[in-house]
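Visitor: Pasting entry29.tsv here (TSV, C-alpha atoms):
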chain	number	residue	atom	x	y	z
O	13	MET	CA	-15.05	17.46	-3.85
O	14	TYR	CA	-14.49	16.28	-7.43
O	15	LYS	CA	-10.99	15.01	-6.60
O	16	ARG	CA	-12.47	12.86	-3.82
O	17	GLN	CA	-15.10	11.48	-6.20
O	18	ILE	CA	-12.38	10.62	-8.72
O	19	TYR	CA	-10.37	8.96	-5.94
O	20	THR	CA	-13.41	6.92	-4.92
O	21	PHE	CA	-14.10	5.92	-8.52
O	22	TYR	CA	-10.56	4.65	-9.08
O	23	THR	CA	-10.62	2.90	-5.70
O	24	VAL	CA	-13.77	0.96	-6.52
O	25	SER	CA	-12.71	0.19	-10.10
O	26	THR	CA	-9.30	-1.07	-8.90
O	27	PHE	CA	-10.23	-3.14	-5.85
O	28	ALA	CA	-13.89	-4.17	-6.19
O	29	GLY	CA	-13.07	-6.64	-8.94
O	30	ILE	CA	-10.56	-8.63	-6.87
O	31	LYS	CA	-12.80	-11.41	-5.58
O	32	ASP	CA	-10.25	-13.05	-3.32
O	33	TYR	CA	-8.19	-12.39	-0.21
O	34	VAL	CA	-5.37	-9.90	-0.81
O	35	GLY	CA	-2.29	-10.04	1.42
O	36	ASP	CA	-3.20	-10.17	5.10
O	37	GLU	CA	-6.90	-10.05	4.32
O	38	VAL	CA	-6.71	-13.77	5.09
O	39	TRP	CA	-6.56	-12.79	8.78
O	40	TYR	CA	-8.64	-9.69	9.42
O	41	PRO	CA	-12.02	-10.16	7.66
O	42	SER	CA	-12.13	-13.77	8.84
O	43	ALA	CA	-11.34	-12.61	12.38
O	44	ALA	CA	-14.11	-10.02	12.08
O	45	TYR	CA	-16.55	-12.74	11.04
O	46	ASN	CA	-15.38	-14.96	13.89
O	47	ILE	CA	-15.83	-12.12	16.38
O	48	LEU	CA	-19.45	-11.86	15.24
O	49	LYS	CA	-19.89	-15.63	15.57
O	50	LEU	CA	-17.84	-16.45	18.68
O	51	VAL	CA	-17.80	-13.22	20.70
O	52	PHE	CA	-21.18	-11.65	19.92
O	53	HIS	CA	-22.95	-14.94	19.06
O	54	VAL	CA	-24.38	-13.52	15.86
O	55	GLN	CA	-24.73	-15.91	12.95
O	56	VAL	CA	-24.17	-14.37	9.54
O	57	PRO	CA	-24.37	-16.58	6.44
O	58	MET	CA	-21.04	-17.04	4.69
O	59	ASN	CA	-21.35	-16.34	0.98
O	60	PHE	CA	-17.58	-16.49	0.57
O	61	PRO	CA	-15.30	-19.24	1.89
O	62	TYR	CA	-12.76	-18.93	4.70
O	63	PRO	CA	-9.13	-18.61	3.58
O	64	ASN	CA	-7.10	-21.81	3.55
O	65	GLU	CA	-5.39	-21.34	6.92
O	66	ALA	CA	-5.21	-23.78	9.85
O	67	ASN	CA	-7.96	-23.27	12.48
O	68	ILE	CA	-9.03	-20.05	10.80
O	69	GLN	CA	-12.67	-20.64	11.80
O	70	TYR	CA	-11.72	-19.96	15.45
O	71	TYR	CA	-9.23	-17.14	14.93
O	72	VAL	CA	-10.08	-13.69	16.40
O	73	ASN	CA	-6.69	-12.03	15.74
O	74	PRO	CA	-5.60	-11.38	19.35
O	75	GLU	CA	-2.26	-10.02	18.10
O	76	HIS	CA	-3.88	-6.68	17.27
O	77	PRO	CA	-6.46	-4.35	18.86
O	78	PRO	CA	-10.09	-5.00	17.94
O	79	LEU	CA	-11.46	-1.75	16.44
O	80	PRO	CA	-10.78	-2.53	12.74
O	81	LYS	CA	-12.33	-5.98	13.14
O	82	TYR	CA	-15.36	-4.48	14.88
O	83	ILE	CA	-15.86	-2.04	12.00
O	84	MET	CA	-15.47	-4.79	9.41
O	85	ALA	CA	-17.87	-6.94	11.43
O	86	LEU	CA	-20.55	-4.24	11.31
O	87	PHE	CA	-20.40	-4.15	7.52
O	88	ILE	CA	-20.30	-7.95	7.29
O	89	TYR	CA	-23.35	-8.14	9.57
O	90	ALA	CA	-25.24	-5.64	7.42
O	91	LEU	CA	-24.14	-6.71	3.95
O	92	GLY	CA	-22.69	-10.21	4.15
O	93	TYR	CA	-19.26	-11.80	4.10
O	94	ASN	CA	-17.48	-11.12	0.81
O	95	PRO	CA	-14.44	-9.12	-0.40
O	96	LEU	CA	-16.43	-6.10	-1.56
O	97	VAL	CA	-18.10	-5.69	1.83
O	98	TRP	CA	-15.03	-6.07	4.02
O	99	ARG	CA	-13.14	-3.48	1.93
O	100	ILE	CA	-15.81	-0.77	2.05
O	101	PRO	CA	-14.71	0.57	5.48
O	102	SER	CA	-11.15	0.99	4.19
O	103	TRP	CA	-12.43	2.93	1.18
O	104	ILE	CA	-14.47	5.21	3.42
O	105	LEU	CA	-11.50	5.86	5.70
O	106	GLY	CA	-9.34	6.61	2.67
O	107	ASP	CA	-11.80	9.30	1.56
O	108	LEU	CA	-12.06	10.68	5.09
O	109	THR	CA	-8.26	10.88	5.35
O	110	ILE	CA	-8.20	13.15	2.30
O	111	ILE	CA	-10.80	15.41	3.92
O	112	ILE	CA	-8.97	15.54	7.27
O	113	ALA	CA	-5.73	16.36	5.43
O	114	PHE	CA	-7.39	19.43	3.93
O	115	LEU	CA	-8.94	20.48	7.24
O	116	MET	CA	-5.64	20.01	9.07
O	117	ALA	CA	-3.87	22.40	6.72
O	118	ARG	CA	-6.59	25.02	7.14
O	119	LYS	CA	-6.46	24.58	10.91
O	120	LEU	CA	-2.69	25.06	11.18
O	121	ILE	CA	-2.32	27.79	8.52
O	122	GLY	CA	-5.71	29.48	8.56
O	123	ASN	CA	-8.92	29.69	6.57
O	124	ASN	CA	-7.29	31.79	3.89
O	125	VAL	CA	-5.71	31.38	0.47
O	126	LEU	CA	-2.51	29.87	1.88
O	127	GLY	CA	-4.49	27.48	4.08
O	128	ASN	CA	-6.74	26.35	1.23
O	129	VAL	CA	-3.88	25.87	-1.23
O	130	SER	CA	-1.86	23.98	1.37
O	131	GLY	CA	-4.91	21.86	2.14
O	132	LEU	CA	-5.42	20.98	-1.50
O	133	ILE	CA	-1.76	20.00	-1.85
O	134	ALA	CA	-1.93	17.91	1.33
O	135	SER	CA	-5.03	16.12	0.01
O	136	VAL	CA	-3.35	15.46	-3.33
O	137	LEU	CA	-0.23	14.07	-1.62
O	138	ILE	CA	-2.41	11.69	0.39
O	139	ALA	CA	-4.28	10.61	-2.74
O	140	LEU	CA	-1.06	10.06	-4.71
O	141	ASP	CA	0.89	8.29	-1.98
O	142	PRO	CA	1.30	4.73	-3.33
O	143	ASN	CA	1.45	3.13	0.11
O	144	ILE	CA	-1.73	4.80	1.34
O	145	TRP	CA	-3.40	4.05	-1.99
O	146	VAL	CA	-2.93	0.31	-1.85
O	147	MET	CA	-3.53	0.03	1.90
O	148	HIS	CA	-6.79	1.97	1.74
O	149	GLY	CA	-8.00	-0.33	-1.01
O	150	ILE	CA	-7.94	-3.55	0.97
O	151	ALA	CA	-9.06	-4.80	4.38
O	152	MET	CA	-5.87	-4.58	6.41
O	153	LEU	CA	-5.15	-2.54	9.53
O	154	GLU	CA	-2.94	0.20	8.09
O	155	ILE	CA	-5.57	2.60	6.79
O	156	TYR	CA	-7.32	2.39	10.16
O	157	ALA	CA	-4.05	3.32	11.87
O	158	GLY	CA	-3.29	6.04	9.33
O	159	PHE	CA	-6.74	7.61	9.61
O	160	PHE	CA	-7.06	7.54	13.40
O	161	SER	CA	-3.53	8.88	13.93
O	162	LEU	CA	-4.23	11.89	11.69
O	163	PHE	CA	-7.75	12.40	13.06
O	164	THR	CA	-6.51	12.36	16.66
O	165	LEU	CA	-3.89	14.99	15.86
O	166	TYR	CA	-6.47	17.12	14.08
O	167	LEU	CA	-8.59	17.14	17.24
O	168	LEU	CA	-5.59	17.70	19.51
O	169	LEU	CA	-4.10	20.58	17.53
O	170	SER	CA	-7.55	22.12	17.25
O	171	ASP	CA	-7.36	22.23	21.07
O	172	ARG	CA	-10.41	19.99	21.34
O	173	ILE	CA	-8.84	18.16	24.23
O	174	LYS	CA	-11.76	16.01	25.37
O	175	SER	CA	-12.51	14.85	21.83
O	176	SER	CA	-8.83	14.22	21.12
O	177	SER	CA	-8.59	12.10	24.27
O	178	VAL	CA	-11.33	9.85	22.93
O	179	GLY	CA	-9.59	9.90	19.55
O	180	LEU	CA	-6.34	8.77	21.17
O	181	GLY	CA	-8.15	5.81	22.71
O	182	LEU	CA	-9.57	4.91	19.29
O	183	ALA	CA	-6.10	5.27	17.75
O	184	PHE	CA	-4.72	2.77	20.27
O	185	LEU	CA	-7.65	0.48	19.40
O	186	ALA	CA	-6.83	0.76	15.69
O	187	LYS	CA	-3.29	-0.61	15.92
O	188	GLU	CA	-0.65	-0.92	18.60
O	189	SER	CA	1.89	0.87	16.39
O	190	LEU	CA	0.14	4.10	17.42
O	191	LEU	CA	0.96	3.68	21.12
O	192	PRO	CA	4.03	5.98	20.75
O	193	LEU	CA	1.61	8.83	19.96
O	194	LEU	CA	1.17	9.08	23.72
O	195	ILE	CA	4.55	10.83	24.09
O	196	PRO	CA	3.93	13.89	21.86
O	197	TYR	CA	0.29	13.93	22.99
O	198	ILE	CA	1.25	14.21	26.67
O	199	TYR	CA	3.90	16.82	25.85
O	200	TYR	CA	1.36	19.03	24.06
O	201	LEU	CA	-1.11	18.62	26.92
O	202	GLY	CA	1.62	19.89	29.22
O	203	GLU	CA	1.85	23.05	27.11
O	204	ILE	CA	-1.86	23.92	27.17
O	205	VAL	CA	-3.30	22.15	30.24
O	206	LYS	CA	-1.57	23.29	33.41
O	207	GLN	CA	-3.40	21.05	35.88
O	208	ARG	CA	-1.57	17.75	36.26
O	209	THR	CA	-4.77	15.93	37.19
O	210	LYS	CA	-6.41	16.94	33.90
O	211	ARG	CA	-3.33	15.88	31.95
O	212	VAL	CA	-3.53	12.43	33.54
O	213	ILE	CA	-7.28	12.22	32.87
O	214	TYR	CA	-7.10	13.29	29.21
O	215	GLY	CA	-3.77	11.72	28.33
O	216	ILE	CA	-4.07	8.38	30.10
O	217	LEU	CA	-7.31	7.60	31.94
O	218	ILE	CA	-9.79	8.38	29.16
O	219	PRO	CA	-7.80	6.58	26.41
O	220	VAL	CA	-7.33	3.55	28.70
O	221	ALA	CA	-11.03	3.58	29.58
O	222	ILE	CA	-11.94	3.71	25.87
O	223	TYR	CA	-9.59	0.81	25.14
O	224	VAL	CA	-10.96	-1.32	27.97
O	225	ALA	CA	-14.60	-0.47	27.17
O	226	PHE	CA	-14.23	-1.65	23.58
O	227	SER	CA	-12.42	-4.75	24.82
O	228	ILE	CA	-15.16	-5.84	27.26
O	229	PRO	CA	-16.69	-8.33	24.77
O	230	LEU	CA	-13.26	-9.92	24.34
O	231	ILE	CA	-12.63	-9.89	28.10
O	232	ILE	CA	-15.85	-11.87	28.52
O	233	TYR	CA	-14.92	-14.16	25.61
O	234	PHE	CA	-11.48	-14.96	27.05
O	235	GLY	CA	-12.94	-15.50	30.53
O	236	GLY	CA	-11.75	-12.50	32.53
O	237	ILE	CA	-9.32	-9.58	32.61
O	238	LYS	CA	-6.24	-11.69	33.37
O	239	GLN	CA	-7.04	-14.17	30.62
O	240	TRP	CA	-7.70	-11.33	28.20
O	241	LEU	CA	-4.42	-9.63	29.11
O	242	ASP	CA	-2.52	-12.88	28.59
O	243	ALA	CA	-4.26	-13.89	25.38
O	244	SER	CA	-4.65	-10.46	23.82
O	245	PHE	CA	-2.80	-7.39	25.09
O	246	LEU	CA	0.36	-9.02	26.49
O	247	HIS	CA	0.42	-11.51	23.63
O	248	MET	CA	0.20	-8.56	21.25
O	249	LEU	CA	3.22	-6.85	22.81
O	250	SER	CA	5.33	-10.02	22.76
O	251	TRP	CA	4.24	-10.79	19.19
O	252	ASP	CA	5.39	-7.37	18.01
O	253	VAL	CA	8.98	-7.78	19.25
O	254	THR	CA	9.63	-11.26	17.91
O	255	ASN	CA	10.39	-12.64	14.47
O	256	GLY	CA	7.92	-14.93	12.78
O	257	HIS	CA	5.54	-12.65	10.93
O	258	ILE	CA	7.14	-14.12	7.82
O	259	SER	CA	10.11	-16.36	7.15
O	260	LEU	CA	13.43	-14.55	7.55
O	261	SER	CA	14.45	-16.11	4.24
O	262	ALA	CA	11.83	-13.99	2.43
O	263	THR	CA	14.28	-11.12	2.17
O	264	ASN	CA	12.51	-9.56	-0.82
O	265	GLN	CA	9.45	-8.96	1.39
O	266	ILE	CA	11.17	-7.68	4.53
O	267	SER	CA	12.30	-4.08	4.99
O	268	ALA	CA	13.73	-2.33	8.04
O	269	PRO	CA	12.42	1.13	8.99
O	270	TRP	CA	15.38	2.90	7.37
O	271	ASP	CA	14.78	0.94	4.14
O	272	TRP	CA	11.44	2.68	3.75
O	273	PHE	CA	13.20	5.93	2.84
O	274	LEU	CA	14.52	4.25	-0.33
O	275	ASP	CA	11.55	1.96	-1.10
O	276	ILE	CA	13.70	-1.13	-0.55
O	277	HIS	CA	11.78	-4.42	-0.79
O	278	PRO	CA	8.22	-3.13	-1.18
O	279	PHE	CA	5.83	-5.78	0.09
O	280	PHE	CA	4.09	-7.81	-2.63
O	281	LEU	CA	0.41	-8.26	-1.82
O	282	GLY	CA	-0.57	-10.29	-4.86
O	283	TYR	CA	-2.65	-9.34	-7.90
O	284	GLY	CA	0.09	-6.99	-9.08
O	285	LEU	CA	-0.20	-4.87	-5.94
O	286	TYR	CA	2.89	-3.64	-4.07
O	287	ALA	CA	3.11	-1.55	-0.91
O	288	ASN	CA	5.53	0.92	-2.48
O	289	VAL	CA	6.91	3.90	-0.59
O	290	ASN	CA	7.49	7.24	-2.30
O	291	PRO	CA	11.07	8.20	-1.33
O	292	LEU	CA	10.50	11.81	-2.41
O	293	LEU	CA	7.71	12.22	0.14
O	294	MET	CA	9.73	10.49	2.84
O	295	TRP	CA	12.80	12.67	2.28
O	296	ALA	CA	10.66	15.80	1.99
O	297	TRP	CA	9.41	15.00	5.48
O	298	VAL	CA	13.00	14.60	6.71
O	299	VAL	CA	14.10	17.89	5.15
O	300	THR	CA	11.11	19.91	6.36
O	301	THR	CA	11.04	18.58	9.94
O	302	PRO	CA	13.64	21.17	11.13
O	303	LEU	CA	11.40	24.00	9.89
O	304	ALA	CA	8.98	23.44	12.78
O	305	PHE	CA	11.85	23.88	15.26
O	306	ILE	CA	13.28	26.90	13.43
O	307	MET	CA	9.89	28.62	13.68
O	308	LYS	CA	9.43	27.34	17.25
O	309	ASP	CA	5.90	26.39	16.24
O	310	ILE	CA	4.71	24.00	18.95
O	311	LYS	CA	1.81	22.64	16.92
O	312	LEU	CA	4.00	21.86	13.93
O	313	ILE	CA	6.60	20.30	16.22
O	314	ILE	CA	4.00	18.02	17.77
O	315	PHE	CA	2.62	17.21	14.34
O	316	THR	CA	5.87	16.04	12.77
O	317	MET	CA	7.18	14.43	15.96
O	318	SER	CA	4.02	12.33	16.14
O	319	ALA	CA	4.97	10.74	12.83
O	320	TRP	CA	8.57	10.35	13.98
O	321	SER	CA	7.41	8.74	17.23
O	322	ILE	CA	5.54	6.06	15.27
O	323	TRP	CA	8.56	5.48	13.02
O	324	LEU	CA	10.85	5.29	16.07
O	325	GLY	CA	8.44	2.76	17.57
O	326	PHE	CA	9.15	0.50	14.60
O	327	VAL	CA	12.88	1.11	15.06
O	328	ALA	CA	12.56	0.06	18.71
O	329	VAL	CA	10.62	-3.05	17.71
O	330	TYR	CA	13.40	-3.92	15.23
O	331	PHE	CA	16.15	-3.65	17.86
O	332	LEU	CA	14.06	-5.56	20.39
O	333	GLY	CA	14.15	-8.53	18.05
O	334	ASN	CA	11.51	-8.27	15.33
O	335	HIS	CA	13.37	-8.22	12.02
O	336	THR	CA	10.29	-9.12	9.98
O	337	LEU	CA	8.93	-5.65	9.29
O	338	PHE	CA	7.20	-4.58	6.09
O	339	SER	CA	6.90	-1.53	3.87
O	340	PHE	CA	3.13	-1.26	4.31
O	341	TYR	CA	3.67	-0.11	7.91
O	342	VAL	CA	4.56	3.29	6.43
O	343	THR	CA	0.84	4.07	6.04
O	344	ASP	CA	0.57	4.15	9.86
O	345	PHE	CA	2.42	7.49	9.89
O	346	ALA	CA	2.50	8.62	6.23
O	347	THR	CA	-0.93	10.23	6.62
O	348	ILE	CA	0.79	12.59	9.08
O	349	SER	CA	4.14	13.07	7.36
O	350	ASP	CA	2.61	13.69	3.91
O	351	VAL	CA	0.31	16.38	5.29
O	352	TYR	CA	3.07	17.96	7.35
O	353	VAL	CA	5.27	18.67	4.30
O	354	PRO	CA	3.13	21.31	2.53
O	355	ILE	CA	1.92	22.83	5.80
O	356	SER	CA	5.46	23.34	7.07
O	357	LEU	CA	6.65	24.79	3.76
O	358	PHE	CA	3.79	27.27	3.49
O	359	LYS	CA	4.08	28.29	7.12
O	360	PHE	CA	7.84	28.72	6.76
O	361	LEU	CA	7.49	30.94	3.69
O	362	ASN	CA	4.91	33.02	5.52
O	363	TRP	CA	7.17	33.17	8.58
O	364	ILE	CA	10.09	34.46	6.49
O	365	GLU	CA	7.87	37.08	4.87
O	366	LEU	CA	6.64	38.32	8.24
O	367	ARG	CA	10.19	38.47	9.61
O	368	ASN	CA	11.38	40.46	6.60
O	369	LYS	CA	8.50	42.90	7.01
O	370	GLY	CA	9.36	43.29	10.69
O	371	GLU	CA	13.00	44.00	9.90
O	372	ASN	CA	12.09	46.53	7.21
O	373	ASN	CA	9.80	48.34	9.61
If you convert what's in this file into structure tokens, what do you get?
Guide:
Amino acid sequence: MYKRQIYTFYTVSTFAGIKDYVGDEVWYPSAAYNILKLVFHVQVPMNFPYPNEANIQYYVNPEHPPLPKYIMALFIYALGYNPLVWRIPSWILGDLTIIIAFLMARKLIGNNVLGNVSGLIASVLIALDPNIWVMHGIAMLEIYAGFFSLFTLYLLLSDRIKSSSVGLGLAFLAKESLLPLLIPYIYYLGEIVKQRTKRVIYGILIPVAIYVAFSIPLIIYFGGIKQWLDASFLHMLSWDVTNGHISLSATNQISAPWDWFLDIHPFFLGYGLYANVNPLLMWAWVVTTPLAFIMKDIKLIIFTMSAWSIWLGFVAVYFLGNHTLFSFYVTDFATISDVYVPISLFKFLNWIELRNKGENN
């Protein structure tokens, strides 16, 4: 509890004083405001100017799913349009991620000393991860992706299938980088839900229905399903596999997925903020991933492979043609990989102890 309060204090003291757009905040809060104005026809006074970008007053960010902008829009509607307001949801999700990290460890290890200690370590690793720290402090998409990916897995591996199905839909709505979660999700469903019809319902139909339901305002705004698909969903997929997110000459800002393991070219966000990656955490994830397979622990396997599936999604995007990737994408899966490391180590030590006891008996 006190660690979370300290985390919140440092978050507010670090980011509340930056009264300007940071990094890609030029796109998302303004898109959230425009969604209020253009999609929902709600007029909210602007007490902070638009960023200096061409046609920004009409931009609704069709390149990415709408959930983060909807959440920002709710806070903007309630509290006004300014940097403090549009960052509050990110701060809340950062705190919630720490809590879910603790609960995940207790769920996979048990409500015992090992589970509690592992949970505390998982929470600390989340709090100290430099990429998660900076991304949870500002109004970009990564903390939304990081939170909803971990939250969905918490529900899934708690065997709360119906809830996790809704969570998966929300994860897809948070950021398209989480679409690869479908593969380990469906695999786990196959292990615990024997009826194929239910697997289709929980793994595909409910998440798709959630995605479409949240997109109805945009479908109406774009003038129909086909127009929405062209302008939003299909545009999003084509955008993700092409260069152009930044100039290819900006080599000090671009990093391929394998560069993230060495913190090569951390993205500079301005105001002295960098999206650094902690190589120790990344390599700890690599080293501990085989432990899940050694123990043949299906839940741990699904947990770590969910993070790998997101990382492999970025690898696929790179080879499909998008060579303008950035270090801050690590937050999309680091909330999973950071939590996996202590859980796998504690479970492995316990597994060895139980095997030794069995052999001695």
Visitor: Quick one: residues within 7 Å of Ile355 of chain O, all atoms listed in the file, excluding same-chain residues fewer than 3 positions away - as a list in words?
Guide: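 Surrounding residues, per the criterion: Ala117, Ser130, Val351, Tyr352, Phe358 and Lys359 of chain O.
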Visitor: Would you mind telling me which residue in O:Lys238, O:Leu191, O:Ile18, O:Ile310 lies nearest to Val136 of chain O when using all atoms listed in the file?
Guide: O:Ile18
Visitor: Expressed in Å to a single decimal, how great is the separation between atom CA of Trp323 of chain O and atom CA of Glu75 of chain O?
Guide: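 Between atom CA of Trp323 of chain O and atom CA of Glu75 of chain O the gap works out to 19.6 Å.
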Visitor: Write out as an MDAnalysis selection string which residues come within 10 Å of Phe60 of chain O when counting only C-alpha atoms, dropping same-chain ones fewer than 5 positions away.
Guide: chainID O and resid 31:32 92:95
Visitor: Write out as a PyMOL selection string which residues come within 8 Å of Ile266 of chain O when counting only C-alpha atoms, dropping same-chain ones fewer than 5 positions away.
Guide: chain O and resi 260+277-279+335-339
Visitor: Quick one, how far is atom CA of Asn255 of chain O from atom CA of Gly333 of chain O?
Guide: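 Computing it gives 6.6 Å between the two atoms.
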Visitor: Missing atoms in segment 114-129 of chain O need filling: write out N, CA and C atoms for it as a compact mmCIF listing (two decimals), keeping the file's coordinate frame.
Guide:
# COMPACT_ATOMS: atom_id res chain seq x y z
N PHE O 114 -7.05 18.06 4.32
CA PHE O 114 -7.39 19.43 3.93
C PHE O 114 -7.73 20.28 5.15
N LEU O 115 -8.54 19.73 6.05
CA LEU O 115 -8.94 20.48 7.24
C LEU O 115 -7.76 20.76 8.16
N MET O 116 -6.82 19.81 8.23
CA MET O 116 -5.64 20.01 9.07
C MET O 116 -4.81 21.20 8.59
N ALA O 117 -4.64 21.28 7.27
CA ALA O 117 -3.87 22.40 6.72
C ALA O 117 -4.56 23.73 7.03
N ARG O 118 -5.86 23.77 6.85
CA ARG O 118 -6.59 25.02 7.14
C ARG O 118 -6.54 25.36 8.63
N LYS O 119 -6.52 24.34 9.47
CA LYS O 119 -6.46 24.58 10.91
C LYS O 119 -5.11 25.17 11.31
N LEU O 120 -4.02 24.64 10.76
CA LEU O 120 -2.69 25.06 11.18
C LEU O 120 -2.20 26.31 10.45
N ILE O 121 -2.75 26.60 9.27
CA ILE O 121 -2.32 27.79 8.52
C ILE O 121 -3.38 28.89 8.59
N GLY O 122 -4.64 28.49 8.50
CA GLY O 122 -5.71 29.48 8.56
C GLY O 122 -6.68 29.29 7.41
N ASN O 123 -7.90 29.77 7.62
CA ASN O 123 -8.92 29.69 6.57
C ASN O 123 -8.74 30.85 5.61
N ASN O 124 -7.66 30.75 4.84
CA ASN O 124 -7.29 31.79 3.89
C ASN O 124 -6.73 31.14 2.64
N VAL O 125 -6.22 31.93 1.73
CA VAL O 125 -5.71 31.38 0.47
C VAL O 125 -4.59 30.38 0.73
N LEU O 126 -3.62 30.77 1.58
CA LEU O 126 -2.51 29.87 1.88
C LEU O 126 -3.01 28.56 2.50
N GLY O 127 -3.96 28.66 3.43
CA GLY O 127 -4.49 27.48 4.08
C GLY O 127 -5.21 26.57 3.11
N ASN O 128 -6.00 27.15 2.20
CA ASN O 128 -6.74 26.35 1.23
C ASN O 128 -5.82 25.69 0.21
N VAL O 129 -4.83 26.45 -0.26
CA VAL O 129 -3.88 25.87 -1.23
C VAL O 129 -3.08 24.76 -0.58
